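Peer 1: Below is the structure I would like to discuss, written out as C-alpha cells.
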Amino acid sequence: MYTWVLYGTDRTAQTYRINHTGGTTEVTVDHSIVGSGWVYLGTYHFNAGNSATGEGSVQISNKGPNSTGTKVVIADAIRFGNGMGDYIYTDSGASTISGYPREDENSYHWIARSIGQGATPASILGADNNVSAPSDFASYMYHGAFGGAVYVGYHSNAGGGRGARGLIDSSAPTPNQTTLATILGNQINQDMQSLNGVFEYNWTTGTSATYTSAFGEINLGASAKMDATIIEVAFHDDVMDAAIMRDPKGRDQIARSVYQGTVQYFVTYGVTNTSLSTPATNVRVVSNASGAVTLTWAAGPTSPAAAYGNAATGYKVYSSVDGYGFDGGRTVAGVGTTTLTITGLDPNTAYYFKVTATNAGGESGASEVVAALPSGGTKQVLIVNGFDRFDRTQNFRYAYLGQQVDRVWPRYNNSHDYVVQVETAIQASKPGVHVATTSNEAVISGAVTLTDYNTVIWITGNETTAGHTFDATEQAKLTTFINAGGNVFLSGSEIGWDLDQQNNGRTFYESTLLANYVADDAGTYTATANAGGISPA
C-alpha cells in the first residue's frame with residue numbers, strides 16, 4: 001500500500017519507521033529541503049484487520065541527518081493508499097466527482113489533494129491550469145538551493161515521427177535547460193537503440209534529440225528554483241512507439257535512461273555520482289541444515305553500460321514469512337560475493353527471499369521472490385519459476401471514460417512472486433516437506449541440478465511462444481529427470497500451444513509429458529481430477 005506523510009512547517013530531518021507486515025522499514029526525509037505537502041514514503045504490504053504488535057503504524061523520530069536531536073517532532077497526518085478521486089469538477093458547468101482512482105485524475109486535481117496545511121490550490125497553482133500545475137508544485141515542494149534538484153515532465157508526442165525529444169522553452173528557459181534537455185533526449189534514444197532486439201519493436205529516432213518552442217510547463221525563467229525540461233518520450237500516433245510505451249520493460253528502461261541522464265547532468269555541474277545497477281538474477285535458495293538457508297545469485301547485466309548503469313558493489317537480501325511483507329534486509333558487501341547463508345530460522349516455517357543490488361548510486365529493484373523451508377535433510381521438492389513474461393499483452397485493462405485502456409501496473413502484469421502460492425499450497429497439503437526454489441535460468445546454466453530432487457514443480461504462468469514455455473535445454477533436462485524416475489508437476493496457460501501447436505517441442509510434449517494439444521480454449525475453468533490422482537475431485 002502507498003504510504004505518505006503530510007508535514008508541517010518545522011524544517012528538520014525526520015525518520016519514519018513504517019511497521020508493516022514482515023518487519024520495519026526506516027525512511028529519512030530532510031524537510032529542510034522538501035516538505036509542506038504529502039511526501040511519498042514507499043509502498044508496503046499490510047495485512048487486513050487490527051494488529052496488537054503495531055503493524056500498520058508509522059513511528060516518527062527526529063533523530064536523522066541535519067538534526068541536533070533537540071527539535072520537536074511534527075507530522076500533520078499519515079495516509080495509507082491513494083484513495084478515490086474526490087475533487088469536484090466544474091468544467092462542464094455541473095459539479096461532479098470523477099468516480100475513478102485518484103491516480104487516474106489529471107495533474108491539477110491530483111496536486112490539489114497533495115498540498116499541505118495553510119495553503120490553497122489557488123495560492124500555489126493559480127487557476128485550474130493543468131499545464132503548469134506540476135512544475136508549480138515542484139517549486140512549492142523544493143526548498144533547497146539551485147542545482148540540487150531538477151524538474152522533468154513526462155509527455156507523449158503526436159504529429160508524426162519516432163523517438164524521444166527533450167523540450168526547450170523559447171521564451172523563458174531555466175539557466176541550463178538546453179543542457180538538461182539535450183542530455184535526457186540523447187540518453188533515451190541512445191540507450192533504447194543499444195537495446196534493439198529486446199523490445200517488441202526496434203527504437204528509431206528523428207534528426208534531433210531536442211525541440212524548442214513555447215512550453216508553459218517549463219518557462220520558469222532564470223530565477224527558477226531548478227532546471228526544468230519535458231521529455232516527449234515517444235510518439236503515441238506511431239504503432240511501434242505506442243507499443244513500447246505500453247510495455248512495462250520499455251517504460252522501465254526509459255525511466256532508467258532519464259535517471260542516468262539526470263546523474264550525468266549533476267556530474268556536469270559539479271556533483272559526482274554513480275548510476276545504480278540492474279537487479280540480481282539467477283536467484284536460488286536451498287536449505288542444507290536445519291534452521292539455515294543459503295541463497296545464491298548472479299550480478300545483473302552491465303552491458304551496454306550506458307543503458308544499464310554501473311556495476312553492483314554489494315547486495316541486500318530481504319526475508320519474509322509470507323512473501324509480501326519483507327524485513328529491512330541483510331547487507332552483503334563486495335561485488336564478488338553472490339551468496340549468503342542465513343541461520344537461526346524456524347525449521348518449521350517457510351521463508352521467502354529477494355535480492356537487490358547496491359552501489360554508490362543507490363539500490364536497484366528487487367529480484368524475483370524465492371522460497372525455502374529451512375528444514376535441512378533430503379532434498380525433496382524444487383520449485384522452478386519459469387514465468388518471466390513481462391510485456392504489454394498482460395497489462396491490466398479496464399473501462400475509462402467509455403474506452404478500454406491499458407494500465408501499465410507491473411504488479412498486475414507479473415509480480416514475480418508466484419512461488420508464494422505454490423509454497424503455501426505445499427505446506428498446507430503436507431507440512432514439513434523440504435522445499436527449495438530456483439529461477440529457470442539457474443537450471444539452464446547448470447547451477448541447479450534437477451536430479452538432486454525427488455519432485456520438481458515448474459511454474460510457467462502466462463509464458464508463451466515468444467519467451468519459450470520450455471526452451472530446448474529445459475526440455476532436455478526435464479526429459480533426463482523424468483526418465484530417471486523424477487516426479488514433475490507443470491503449470492502454465494500456454495504450454496500446449498507453444499510446444500505442440502507451434503511445434504517448439506512437440507516430441508517433448510507428446511512423448512515425455514504424454515500430452516496432446518486439442519484446442520486453444522477449453523471453454524471452461526473447471527477441472528475434474530481422475531480418481532486416485534494427485535488432486536482432489
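Here, A, B, ... name the chains of the C-alpha cells in the order displayed, residue numbers run from 1 inside each chain, and ligands are numbered from 1 in the same displayed order.
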Write out as an mmCIF file with N, CA and C atoms, in the first residue's frame which residues come within 10 Å of region 458-467 of chain A when counting only C-alpha atoms, dropping same-chain ones fewer than 4 positions away.

Peer 2:
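Result file selection12.cif:
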```
data_model
loop_
_atom_site.group_PDB
_atom_site.id
_atom_site.type_symbol
_atom_site.label_atom_id
_atom_site.label_comp_id
_atom_site.auth_asym_id
_atom_site.auth_seq_id
_atom_site.Cartn_x
_atom_site.Cartn_y
_atom_site.Cartn_z
ATOM 1 N N LEU A 382 11.634 -29.140 -5.498
ATOM 2 C CA LEU A 382 12.236 -27.947 -6.071
ATOM 3 C C LEU A 382 11.173 -27.192 -6.859
ATOM 4 N N ILE A 383 10.950 -25.927 -6.507
ATOM 5 C CA ILE A 383 10.071 -25.064 -7.282
ATOM 6 C C ILE A 383 10.923 -24.292 -8.272
ATOM 7 N N VAL A 384 10.577 -24.369 -9.542
ATOM 8 C CA VAL A 384 11.290 -23.636 -10.586
ATOM 9 C C VAL A 384 10.363 -22.550 -11.122
ATOM 10 N N ASN A 385 10.794 -21.303 -11.018
ATOM 11 C CA ASN A 385 9.994 -20.195 -11.536
ATOM 12 C C ASN A 385 10.446 -19.893 -12.957
ATOM 13 N N GLY A 386 9.646 -20.312 -13.924
ATOM 14 C CA GLY A 386 9.948 -20.059 -15.328
ATOM 15 C C GLY A 386 9.044 -19.008 -15.947
ATOM 16 N N PHE A 387 8.344 -18.254 -15.104
ATOM 17 C CA PHE A 387 7.414 -17.234 -15.613
ATOM 18 C C PHE A 387 8.135 -15.893 -15.660
ATOM 19 N N ASP A 388 8.703 -15.564 -16.819
ATOM 20 C CA ASP A 388 9.467 -14.332 -16.990
ATOM 21 C C ASP A 388 8.754 -13.306 -17.869
ATOM 22 N N ARG A 389 7.657 -13.695 -18.478
ATOM 23 C CA ARG A 389 6.984 -12.820 -19.432
ATOM 24 C C ARG A 389 6.572 -11.508 -18.767
ATOM 25 N N PHE A 390 6.891 -10.405 -19.433
ATOM 26 C CA PHE A 390 6.650 -9.090 -18.853
ATOM 27 C C PHE A 390 6.486 -8.114 -20.005
ATOM 28 N N GLN A 394 -0.014 -8.376 -21.204
ATOM 29 C CA GLN A 394 -0.533 -8.762 -19.889
ATOM 30 C C GLN A 394 -0.973 -7.558 -19.057
ATOM 31 N N ASN A 413 0.845 -7.244 -13.918
ATOM 32 C CA ASN A 413 1.387 -7.841 -15.138
ATOM 33 C C ASN A 413 2.125 -9.134 -14.821
ATOM 34 N N ASN A 414 3.138 -9.037 -13.983
ATOM 35 C CA ASN A 414 3.872 -10.198 -13.486
ATOM 36 C C ASN A 414 4.585 -9.745 -12.224
ATOM 37 N N TYR A 418 5.167 -15.683 -7.577
ATOM 38 C CA TYR A 418 4.138 -16.718 -7.556
ATOM 39 C C TYR A 418 4.578 -17.990 -6.839
ATOM 40 N N VAL A 419 5.845 -18.048 -6.401
ATOM 41 C CA VAL A 419 6.269 -19.160 -5.546
ATOM 42 C C VAL A 419 5.532 -19.100 -4.210
ATOM 43 N N VAL A 422 2.528 -21.324 -4.463
ATOM 44 C CA VAL A 422 2.937 -22.727 -4.596
ATOM 45 C C VAL A 422 3.453 -23.265 -3.268
ATOM 46 N N THR A 437 13.837 -23.347 -3.987
ATOM 47 C CA THR A 437 13.337 -22.606 -5.144
ATOM 48 C C THR A 437 14.495 -22.125 -5.989
ATOM 49 N N THR A 438 14.265 -22.054 -7.318
ATOM 50 C CA THR A 438 15.273 -21.504 -8.219
ATOM 51 C C THR A 438 14.609 -20.822 -9.401
ATOM 52 N N SER A 439 15.337 -19.919 -10.001
ATOM 53 C CA SER A 439 14.920 -19.375 -11.289
ATOM 54 C C SER A 439 15.186 -20.426 -12.351
ATOM 55 N N ASN A 440 14.451 -20.406 -13.450
ATOM 56 C CA ASN A 440 14.696 -21.363 -14.528
ATOM 57 C C ASN A 440 16.049 -21.126 -15.184
ATOM 58 N N ASP A 471 12.511 -23.981 -23.255
ATOM 59 C CA ASP A 471 13.407 -23.983 -24.416
ATOM 60 C C ASP A 471 14.044 -25.364 -24.551
ATOM 61 N N VAL A 488 7.200 -34.725 -11.751
ATOM 62 C CA VAL A 488 7.102 -33.369 -12.276
ATOM 63 C C VAL A 488 5.653 -32.903 -12.249
ATOM 64 N N PHE A 489 5.455 -31.665 -11.784
ATOM 65 C CA PHE A 489 4.155 -31.006 -11.873
ATOM 66 C C PHE A 489 4.391 -29.689 -12.595
ATOM 67 N N LEU A 490 3.787 -29.536 -13.781
ATOM 68 C CA LEU A 490 3.959 -28.332 -14.588
ATOM 69 C C LEU A 490 2.669 -27.524 -14.568
ATOM 70 N N SER A 491 2.793 -26.197 -14.458
ATOM 71 C CA SER A 491 1.619 -25.331 -14.535
ATOM 72 C C SER A 491 1.896 -24.209 -15.517
ATOM 73 N N GLY A 492 0.864 -23.814 -16.262
ATOM 74 C CA GLY A 492 1.010 -22.745 -17.232
ATOM 75 C C GLY A 492 -0.165 -22.741 -18.180
ATOM 76 N N SER A 493 -0.424 -21.580 -18.782
ATOM 77 C CA SER A 493 -1.616 -21.438 -19.622
ATOM 78 C C SER A 493 -1.345 -21.665 -21.107
ATOM 79 N N GLU A 494 -0.071 -21.695 -21.510
ATOM 80 C CA GLU A 494 0.229 -21.744 -22.938
ATOM 81 C C GLU A 494 1.190 -22.874 -23.318
ATOM 82 N N ILE A 495 1.347 -23.856 -22.455
ATOM 83 C CA ILE A 495 2.348 -24.906 -22.693
ATOM 84 C C ILE A 495 2.012 -25.709 -23.950
ATOM 85 N N GLY A 496 0.765 -26.170 -24.054
ATOM 86 C CA GLY A 496 0.379 -26.973 -25.221
ATOM 87 C C GLY A 496 0.458 -26.170 -26.508
ATOM 88 N N TRP A 497 0.031 -24.911 -26.461
ATOM 89 C CA TRP A 497 0.084 -24.051 -27.643
ATOM 90 C C TRP A 497 1.518 -23.891 -28.139
ATOM 91 N N ASP A 498 2.403 -23.602 -27.215
ATOM 92 C CA ASP A 498 3.792 -23.342 -27.586
ATOM 93 C C ASP A 498 4.501 -24.608 -28.065
ATOM 94 N N LEU A 499 4.451 -25.659 -27.261
ATOM 95 C CA LEU A 499 5.247 -26.850 -27.561
ATOM 96 C C LEU A 499 4.658 -27.684 -28.690
ATOM 97 N N GLN A 502 2.593 -24.972 -31.927
ATOM 98 C CA GLN A 502 3.612 -24.196 -32.629
ATOM 99 C C GLN A 502 4.875 -25.014 -32.921
ATOM 100 N N ASN A 503 4.879 -26.272 -32.509
ATOM 101 C CA ASN A 503 5.981 -27.202 -32.781
ATOM 102 C C ASN A 503 7.324 -26.692 -32.256
ATOM 103 N N ASN A 504 7.288 -26.147 -31.038
ATOM 104 C CA ASN A 504 8.535 -25.736 -30.383
ATOM 105 C C ASN A 504 9.019 -26.779 -29.381
#
```

Peer 1: DSSP on the backbone: what in region 209-452 of chain A comes out helix (DSSP H, G or I), as a PyMOL selection string?

Peer 2: chain A and resi 239-245+248-268+305-308+392-394+410-413+419-429+440-445+450-452

Peer 1: Could you name the residues that touch region 321-329 of chain A at 9 Å or less, counting only C-alpha atoms, but leaving out those on the same chain fewer than 2 positions away, as a PyMOL selection string?

Peer 2: chain A and resi 20-26+44-47+316-319+331+349-355+369-371+417+419-420+424

Peer 1: Would you mind exporting the chosen residues as a PDB file, in the first residue's frame, restricted to N, CA and C atoms?

Peer 2:
```pdb
ATOM      1  N   HIS A  20       5.293  -2.615   8.990  1.00  0.00           N
ATOM      2  CA  HIS A  20       4.453  -3.302   8.011  1.00  0.00           C
ATOM      3  C   HIS A  20       4.553  -4.795   8.202  1.00  0.00           C
ATOM      4  N   THR A  21       3.801  -5.534   7.436  1.00  0.00           N
ATOM      5  CA  THR A  21       3.852  -6.980   7.518  1.00  0.00           C
ATOM      6  C   THR A  21       5.267  -7.451   7.205  1.00  0.00           C
ATOM      7  N   GLY A  22       5.851  -8.192   8.117  1.00  0.00           N
ATOM      8  CA  GLY A  22       7.176  -8.757   7.868  1.00  0.00           C
ATOM      9  C   GLY A  22       8.305  -7.980   8.501  1.00  0.00           C
ATOM     10  N   GLY A  23       8.073  -6.771   8.989  1.00  0.00           N
ATOM     11  CA  GLY A  23       9.177  -6.043   9.599  1.00  0.00           C
ATOM     12  C   GLY A  23       8.965  -4.550   9.614  1.00  0.00           C
ATOM     13  N   THR A  24      10.068  -3.830   9.775  1.00  0.00           N
ATOM     14  CA  THR A  24      10.048  -2.379   9.868  1.00  0.00           C
ATOM     15  C   THR A  24      11.036  -1.786   8.881  1.00  0.00           C
ATOM     16  N   THR A  25      10.620  -0.739   8.185  1.00  0.00           N
ATOM     17  CA  THR A  25      11.495  -0.037   7.253  1.00  0.00           C
ATOM     18  C   THR A  25      11.617   1.412   7.698  1.00  0.00           C
ATOM     19  N   GLU A  26      12.843   1.920   7.703  1.00  0.00           N
ATOM     20  CA  GLU A  26      13.079   3.304   8.080  1.00  0.00           C
ATOM     21  C   GLU A  26      13.335   4.163   6.844  1.00  0.00           C
ATOM     22  N   TYR A  44       4.250  -0.507   0.874  1.00  0.00           N
ATOM     23  CA  TYR A  44       4.485  -1.589   1.818  1.00  0.00           C
ATOM     24  C   TYR A  44       3.248  -2.473   1.903  1.00  0.00           C
ATOM     25  N   HIS A  45       3.456  -3.698   2.367  1.00  0.00           N
ATOM     26  CA  HIS A  45       2.350  -4.642   2.492  1.00  0.00           C
ATOM     27  C   HIS A  45       1.822  -4.623   3.920  1.00  0.00           C
ATOM     28  N   PHE A  46       0.499  -4.522   4.043  1.00  0.00           N
ATOM     29  CA  PHE A  46      -0.154  -4.565   5.342  1.00  0.00           C
ATOM     30  C   PHE A  46      -1.260  -5.612   5.291  1.00  0.00           C
ATOM     31  N   ASN A  47      -1.290  -6.491   6.282  1.00  0.00           N
ATOM     32  CA  ASN A  47      -2.384  -7.438   6.365  1.00  0.00           C
ATOM     33  C   ASN A  47      -3.666  -6.728   6.783  1.00  0.00           C
ATOM     34  N   LYS A 316      21.724  -6.584  -1.057  1.00  0.00           N
ATOM     35  CA  LYS A 316      20.909  -6.716   0.139  1.00  0.00           C
ATOM     36  C   LYS A 316      19.955  -7.875  -0.052  1.00  0.00           C
ATOM     37  N   VAL A 317      19.822  -8.698   0.975  1.00  0.00           N
ATOM     38  CA  VAL A 317      18.934  -9.860   0.933  1.00  0.00           C
ATOM     39  C   VAL A 317      17.798  -9.625   1.920  1.00  0.00           C
ATOM     40  N   TYR A 318      16.579  -9.632   1.417  1.00  0.00           N
ATOM     41  CA  TYR A 318      15.397  -9.399   2.244  1.00  0.00           C
ATOM     42  C   TYR A 318      14.670 -10.721   2.490  1.00  0.00           C
ATOM     43  N   SER A 319      14.117 -10.886   3.681  1.00  0.00           N
ATOM     44  CA  SER A 319      13.389 -12.110   4.014  1.00  0.00           C
ATOM     45  C   SER A 319      11.988 -11.792   4.501  1.00  0.00           C
ATOM     46  N   THR A 331      22.825  -6.844   4.623  1.00  0.00           N
ATOM     47  CA  THR A 331      23.794  -6.294   3.684  1.00  0.00           C
ATOM     48  C   THR A 331      24.870  -7.326   3.373  1.00  0.00           C
ATOM     49  N   THR A 349       8.930 -23.195   9.560  1.00  0.00           N
ATOM     50  CA  THR A 349       8.286 -22.050   8.923  1.00  0.00           C
ATOM     51  C   THR A 349       8.896 -21.800   7.556  1.00  0.00           C
ATOM     52  N   ALA A 350       8.061 -21.670   6.541  1.00  0.00           N
ATOM     53  CA  ALA A 350       8.561 -21.341   5.201  1.00  0.00           C
ATOM     54  C   ALA A 350       8.969 -19.873   5.171  1.00  0.00           C
ATOM     55  N   TYR A 351      10.100 -19.584   4.521  1.00  0.00           N
ATOM     56  CA  TYR A 351      10.590 -18.218   4.382  1.00  0.00           C
ATOM     57  C   TYR A 351      10.716 -17.861   2.905  1.00  0.00           C
ATOM     58  N   TYR A 352      10.591 -16.571   2.637  1.00  0.00           N
ATOM     59  CA  TYR A 352      10.675 -16.059   1.275  1.00  0.00           C
ATOM     60  C   TYR A 352      11.775 -15.001   1.220  1.00  0.00           C
ATOM     61  N   PHE A 353      12.453 -14.902   0.066  1.00  0.00           N
ATOM     62  CA  PHE A 353      13.614 -14.030  -0.051  1.00  0.00           C
ATOM     63  C   PHE A 353      13.628 -13.324  -1.405  1.00  0.00           C
ATOM     64  N   LYS A 354      14.236 -12.132  -1.414  1.00  0.00           N
ATOM     65  CA  LYS A 354      14.517 -11.426  -2.660  1.00  0.00           C
ATOM     66  C   LYS A 354      15.825 -10.671  -2.480  1.00  0.00           C
ATOM     67  N   VAL A 355      16.492 -10.346  -3.603  1.00  0.00           N
ATOM     68  CA  VAL A 355      17.826  -9.751  -3.562  1.00  0.00           C
ATOM     69  C   VAL A 355      17.834  -8.471  -4.388  1.00  0.00           C
ATOM     70  N   VAL A 369      11.039 -13.432  -6.261  1.00  0.00           N
ATOM     71  CA  VAL A 369      10.978 -13.994  -4.910  1.00  0.00           C
ATOM     72  C   VAL A 369      11.224 -15.506  -4.977  1.00  0.00           C
ATOM     73  N   VAL A 370      12.026 -15.988  -4.045  1.00  0.00           N
ATOM     74  CA  VAL A 370      12.263 -17.431  -3.923  1.00  0.00           C
ATOM     75  C   VAL A 370      11.860 -17.872  -2.529  1.00  0.00           C
ATOM     76  N   ALA A 371      11.623 -19.183  -2.352  1.00  0.00           N
ATOM     77  CA  ALA A 371      11.102 -19.696  -1.091  1.00  0.00           C
ATOM     78  C   ALA A 371      11.855 -20.945  -0.671  1.00  0.00           C
ATOM     79  N   ASP A 417       6.406 -13.254  -7.955  1.00  0.00           N
ATOM     80  CA  ASP A 417       6.409 -13.836  -6.608  1.00  0.00           C
ATOM     81  C   ASP A 417       5.407 -14.990  -6.480  1.00  0.00           C
ATOM     82  N   VAL A 419       5.845 -18.048  -6.401  1.00  0.00           N
ATOM     83  CA  VAL A 419       6.269 -19.160  -5.546  1.00  0.00           C
ATOM     84  C   VAL A 419       5.532 -19.100  -4.210  1.00  0.00           C
ATOM     85  N   VAL A 420       5.008 -17.943  -3.852  1.00  0.00           N
ATOM     86  CA  VAL A 420       4.288 -17.813  -2.585  1.00  0.00           C
ATOM     87  C   VAL A 420       3.083 -18.739  -2.568  1.00  0.00           C
ATOM     88  N   THR A 424       2.908 -22.107  -0.263  1.00  0.00           N
ATOM     89  CA  THR A 424       1.812 -22.126   0.706  1.00  0.00           C
ATOM     90  C   THR A 424       0.946 -23.366   0.519  1.00  0.00           C
TER      91      THR A 424
END
```

Peer 1: Give the answer as one residue: which of A:Asn186, A:Thr274, A:Ser32, A:Thr296 has the shortest atom-to-atom distance to Ile231 (chain A), using only C-alpha atoms?

Peer 2: A:Asn186

Peer 1: Rank A:Trp4, A:Tyr100, A:Phe481, A:Tyr154 by their smallest atom-to-atom distance to Asp452 (chain A), using only C-alpha atoms, and report the top residue only.

Peer 2: A:Phe481

Peer 1: Can you measure CA of Asn348 (chain A) to CA of Val293 (chain A) for me? One decimal in Å is fine.

Peer 2: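 Between these atoms lies a distance of 12.6 Å.
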
Peer 1: Go through region 334-499 of chain A and collect every residue that DSSP, computed from the backbone, puts in strand (DSSP E or B); the answer should be as a PyMOL selection string.

Peer 2: chain A and resi 339-342+351-359+362-366+370-372+381-385+396-400+403-407+435-439+455-459+487-491

Peer 1: Suppose we keep C-alpha atoms; can you now write the selection as a short mmCIF file (atom, residue, chain, number, x, y, z; two decimals), in the first residue's frame?

Peer 2:
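The result, stored in out.cif:
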```cif
data_model
loop_
_atom_site.label_atom_id
_atom_site.label_comp_id
_atom_site.auth_asym_id
_atom_site.auth_seq_id
_atom_site.Cartn_x
_atom_site.Cartn_y
_atom_site.Cartn_z
CA THR A 339 25.90 -15.95 -1.80
CA LEU A 340 24.61 -15.67 1.75
CA THR A 341 23.80 -18.27 4.40
CA ILE A 342 21.17 -17.23 6.94
CA TYR A 351 10.59 -18.22 4.38
CA TYR A 352 10.68 -16.06 1.27
CA PHE A 353 13.61 -14.03 -0.05
CA LYS A 354 14.52 -11.43 -2.66
CA VAL A 355 17.83 -9.75 -3.56
CA THR A 356 18.70 -6.20 -4.61
CA ALA A 357 22.00 -4.80 -5.92
CA THR A 358 23.66 -1.75 -4.36
CA ASN A 359 26.35 0.75 -5.24
CA GLY A 362 21.62 3.58 -4.58
CA GLU A 363 19.67 0.33 -4.54
CA SER A 364 18.28 -1.48 -7.56
CA GLY A 365 14.89 -3.04 -7.94
CA ALA A 366 14.38 -6.49 -6.45
CA VAL A 370 12.26 -17.43 -3.92
CA ALA A 371 11.10 -19.70 -1.09
CA ALA A 372 12.53 -22.40 1.15
CA VAL A 381 10.75 -30.56 -3.75
CA LEU A 382 12.24 -27.95 -6.07
CA ILE A 383 10.07 -25.06 -7.28
CA VAL A 384 11.29 -23.64 -10.59
CA ASN A 385 9.99 -20.20 -11.54
CA PHE A 396 -4.39 -4.63 -16.65
CA ARG A 397 -7.29 -3.36 -18.79
CA TYR A 398 -10.47 -1.62 -17.74
CA ALA A 399 -13.06 0.87 -18.94
CA TYR A 400 -12.18 4.53 -18.53
CA GLN A 403 -12.80 3.35 -23.60
CA GLN A 404 -10.86 0.21 -22.76
CA VAL A 405 -7.45 1.40 -21.56
CA ASP A 406 -4.17 -0.27 -20.66
CA ARG A 407 -2.81 0.37 -17.20
CA VAL A 435 11.29 -27.15 -0.39
CA ALA A 436 13.86 -25.15 -2.35
CA THR A 437 13.34 -22.61 -5.14
CA THR A 438 15.27 -21.50 -8.22
CA SER A 439 14.92 -19.38 -11.29
CA THR A 455 9.93 -33.71 -7.28
CA VAL A 456 10.00 -30.62 -9.48
CA ILE A 457 7.13 -28.10 -9.58
CA TRP A 458 7.69 -25.84 -12.59
CA ILE A 459 5.75 -22.57 -12.96
CA ASN A 487 8.16 -36.51 -10.40
CA VAL A 488 7.10 -33.37 -12.28
CA PHE A 489 4.15 -31.01 -11.87
CA LEU A 490 3.96 -28.33 -14.59
CA SER A 491 1.62 -25.33 -14.54
#
```

Peer 1: What is the distance, in Å and to one decimal place, between CA of Thr210 (chain A) and CA of Gln193 (chain A)?

Peer 2: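 The value is 16.8 Å.
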
Peer 1: For Gly334 (chain A), please output as a ChimeraX atom specification all residues within 9 Å (counting only C-alpha atoms; exclusion window: fewer than 6 positions along the same chain).

Peer 2: /A:312-315

Peer 1: Kindly save the residues from that selection, with C-alpha atoms included, as a PDB file, in the first residue's frame.

Peer 2:
```
ATOM      1  CA  ALA A 312      26.987  -3.523  -8.209  1.00  0.00           C
ATOM      2  CA  THR A 313      29.407  -3.177  -5.316  1.00  0.00           C
ATOM      3  CA  GLY A 314      27.212  -5.102  -2.893  1.00  0.00           C
ATOM      4  CA  TYR A 315      23.781  -6.608  -2.332  1.00  0.00           C
TER       5      TYR A 315
END
```

Peer 1: For CA of Gly159 (chain A) and CA of Asn219 (chain A), determine how far apart the two atoms are, in Å to one decimal place.

Peer 2: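 These two atoms are separated by 22.6 Å.
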
Peer 1: Mind checking which residues fall within 12 Å of Ala447 (chain A), counting only C-alpha atoms, ignoring those fewer than 2 positions away in the same chain, and posting them as an mmCIF file with N, CA, C and O atoms, in the first residue's frame?

Peer 2:
```cif
data_model
loop_
_atom_site.group_PDB
_atom_site.id
_atom_site.type_symbol
_atom_site.label_atom_id
_atom_site.label_comp_id
_atom_site.auth_asym_id
_atom_site.auth_seq_id
_atom_site.Cartn_x
_atom_site.Cartn_y
_atom_site.Cartn_z
ATOM 1 N N ASN A 282 19.243 -14.935 -11.605
ATOM 2 C CA ASN A 282 19.565 -16.338 -11.310
ATOM 3 C C ASN A 282 19.501 -16.651 -9.813
ATOM 4 O O ASN A 282 20.358 -17.347 -9.262
ATOM 5 N N VAL A 283 18.497 -16.124 -9.139
ATOM 6 C CA VAL A 283 18.393 -16.293 -7.689
ATOM 7 C C VAL A 283 17.876 -17.697 -7.358
ATOM 8 O O VAL A 283 16.968 -18.216 -8.012
ATOM 9 N N ARG A 284 18.456 -18.279 -6.325
ATOM 10 C CA ARG A 284 18.021 -19.604 -5.875
ATOM 11 C C ARG A 284 18.301 -19.725 -4.380
ATOM 12 O O ARG A 284 19.164 -19.036 -3.831
ATOM 13 N N VAL A 285 17.556 -20.616 -3.712
ATOM 14 C CA VAL A 285 17.724 -20.809 -2.284
ATOM 15 C C VAL A 285 17.505 -22.273 -1.949
ATOM 16 O O VAL A 285 16.629 -22.937 -2.512
ATOM 17 N N THR A 296 21.882 -17.946 -3.377
ATOM 18 C CA THR A 296 22.910 -17.698 -4.376
ATOM 19 C C THR A 296 22.275 -16.931 -5.515
ATOM 20 O O THR A 296 21.108 -17.151 -5.845
ATOM 21 N N TRP A 297 23.042 -16.017 -6.113
ATOM 22 C CA TRP A 297 22.526 -15.206 -7.208
ATOM 23 C C TRP A 297 23.672 -14.795 -8.115
ATOM 24 O O TRP A 297 24.842 -15.112 -7.858
ATOM 25 N N ALA A 298 23.341 -14.083 -9.183
ATOM 26 C CA ALA A 298 24.346 -13.559 -10.107
ATOM 27 C C ALA A 298 24.117 -12.075 -10.291
ATOM 28 O O ALA A 298 23.002 -11.581 -10.125
ATOM 29 N N THR A 438 14.265 -22.054 -7.318
ATOM 30 C CA THR A 438 15.273 -21.504 -8.219
ATOM 31 C C THR A 438 14.609 -20.822 -9.401
ATOM 32 O O THR A 438 13.463 -21.122 -9.752
ATOM 33 N N SER A 439 15.337 -19.919 -10.001
ATOM 34 C CA SER A 439 14.920 -19.375 -11.289
ATOM 35 C C SER A 439 15.186 -20.426 -12.351
ATOM 36 O O SER A 439 16.070 -21.287 -12.198
ATOM 37 N N ASN A 440 14.451 -20.406 -13.450
ATOM 38 C CA ASN A 440 14.696 -21.363 -14.528
ATOM 39 C C ASN A 440 16.049 -21.126 -15.184
ATOM 40 O O ASN A 440 16.671 -22.054 -15.716
ATOM 41 N N GLU A 441 16.547 -19.867 -15.137
ATOM 42 C CA GLU A 441 17.852 -19.573 -15.738
ATOM 43 C C GLU A 441 18.970 -20.348 -15.044
ATOM 44 O O GLU A 441 19.951 -20.754 -15.679
ATOM 45 N N ALA A 442 18.840 -20.565 -13.710
ATOM 46 C CA ALA A 442 19.859 -21.320 -12.993
ATOM 47 C C ALA A 442 19.829 -22.791 -13.379
ATOM 48 O O ALA A 442 20.866 -23.477 -13.347
ATOM 49 N N VAL A 443 18.666 -23.295 -13.764
ATOM 50 C CA VAL A 443 18.581 -24.675 -14.269
ATOM 51 C C VAL A 443 19.239 -24.763 -15.638
ATOM 52 O O VAL A 443 20.012 -25.684 -15.931
ATOM 53 N N ILE A 444 18.949 -23.789 -16.491
ATOM 54 C CA ILE A 444 19.526 -23.778 -17.840
ATOM 55 C C ILE A 444 21.049 -23.727 -17.776
ATOM 56 O O ILE A 444 21.745 -24.430 -18.517
ATOM 57 N N SER A 445 21.587 -22.895 -16.884
ATOM 58 C CA SER A 445 23.042 -22.732 -16.804
ATOM 59 C C SER A 445 23.730 -23.924 -16.163
ATOM 60 O O SER A 445 24.957 -24.058 -16.257
ATOM 61 N N THR A 449 20.751 -28.608 -10.349
ATOM 62 C CA THR A 449 20.553 -29.907 -10.994
ATOM 63 C C THR A 449 19.225 -30.497 -10.557
ATOM 64 O O THR A 449 18.998 -30.723 -9.361
ATOM 65 N N LEU A 450 18.345 -30.752 -11.506
ATOM 66 C CA LEU A 450 17.012 -31.261 -11.185
ATOM 67 C C LEU A 450 17.076 -32.611 -10.490
ATOM 68 O O LEU A 450 16.279 -32.897 -9.585
ATOM 69 N N ASP A 452 18.835 -33.726 -8.279
ATOM 70 C CA ASP A 452 19.102 -33.688 -6.843
ATOM 71 C C ASP A 452 17.816 -33.774 -6.036
ATOM 72 O O ASP A 452 17.862 -33.960 -4.811
#
```
